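A.B. asks: Please read through the structure below; I'll follow up with questions.
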Amino acid sequence: MSQPRWAVVVPVKQLAAAKSRLRGALPGVPHEELALALAADTLRAVLACPAVAEALVVTDDARVAGAARAAGARVLPDEPAAGLNAAFRHGATGTTAEWVAGLTADLPALRPAELASALLAAQNGRPAVRRFVPDAPGSGTVLLTAPPGVPLDPRFGVGSAVAHAASGALTLSGDWPSLRRDVDTAADLTAAARLGLGPRTAALVTAGRPAHSAG
């Protein structure tokens, strides 16, 4: 069976409000630059994934929108302005693709091949059932998928893995460390760096590294 091509929805907050727990993680690097880099590297991997037909970025941030369009994504304004799950729902209804996925925007180590593998696993799973990939700690969610005719019905937020399971979604299991490695804290960023960061985030990490630890 050939793999269908997916629409992937990636909501991104206003940069000033994004990734608040990561603030100050890179001394000397403006927080908004780091938040933008995380989203840009995530989107770069999505657009390089052969299983993806289109990426839809839901945002009201002008810098995010500009970077997304330059990369080849479609941008939708966050018209609901009602939080992350409303943004995911808005993006999911903005595509004609039959297979739809929601992905968090903080995966700077994401490898396109791992995303493709997870989407293939979702395609080959139980029919008409949503599937999700927990984050590395296991309590959150990085990817939620919906097959044709099934609403995405996102439950992202604190404890989202349990919330998605309770809503009827099934866990996707696979060897996808870069997909599972979302970045909320400085420790998460260090863990993502061990996997290999995308170019934009990697450049900022290098710029923000204290001089005594350089090299």
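As shown in the structure tokens, the chain order sets the letters A, B, ...; within each chain, residues go from 1, and ligands are also counted from 1 in the order they appear.
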Can you build me a table of stretch 43-84 of chain A residues sitting at most 12 Å from stretch 23-36 of chain A, with the closest atom pair per residue and its distance in Å to one decimal, using only C-alpha atoms, sorted by chain and residue number, as a Markdown table?
C.D. replies:
```
| residue | atom | partner | partner_atom | distance |
| --- | --- | --- | --- | --- |
| A:Leu43 | CA | A:Leu36 | CA | 10.5 |
| A:Thr59 | CA | A:Leu36 | CA | 11.8 |
| A:Asp61 | CA | A:Leu36 | CA | 10.0 |
| A:Ala62 | CA | A:Leu36 | CA | 11.0 |
| A:Arg63 | CA | A:Leu36 | CA | 8.0 |
| A:Val64 | CA | A:Leu36 | CA | 6.6 |
| A:Ala65 | CA | A:Leu36 | CA | 10.3 |
| A:Gly66 | CA | A:Leu36 | CA | 10.9 |
| A:Ala67 | CA | A:Leu36 | CA | 8.6 |
| A:Ala68 | CA | A:Leu36 | CA | 10.2 |
```
A.B. asks: Between A:Ala169, A:Ala161, A:Val150, A:Val75, which residue has the minimum interatomic distance to A:Pro134, considering only C-alpha atoms?
C.D. replies: A:Ala161
A.B. asks: Which is closer to A:Gly102 than all the others in A:Val9, A:Ala203, A:Ala40, A:Ala71, using only C-alpha atoms?
C.D. replies: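 Answer, going by the shortest atom-to-atom distance: A:Val9.
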A.B. asks: Which of these, A:Ala18, A:Ala45, A:Ala136, A:Val205, has the shortest distance to A:Gly174 once you count only C-alpha atoms?
C.D. replies: A:Ala136
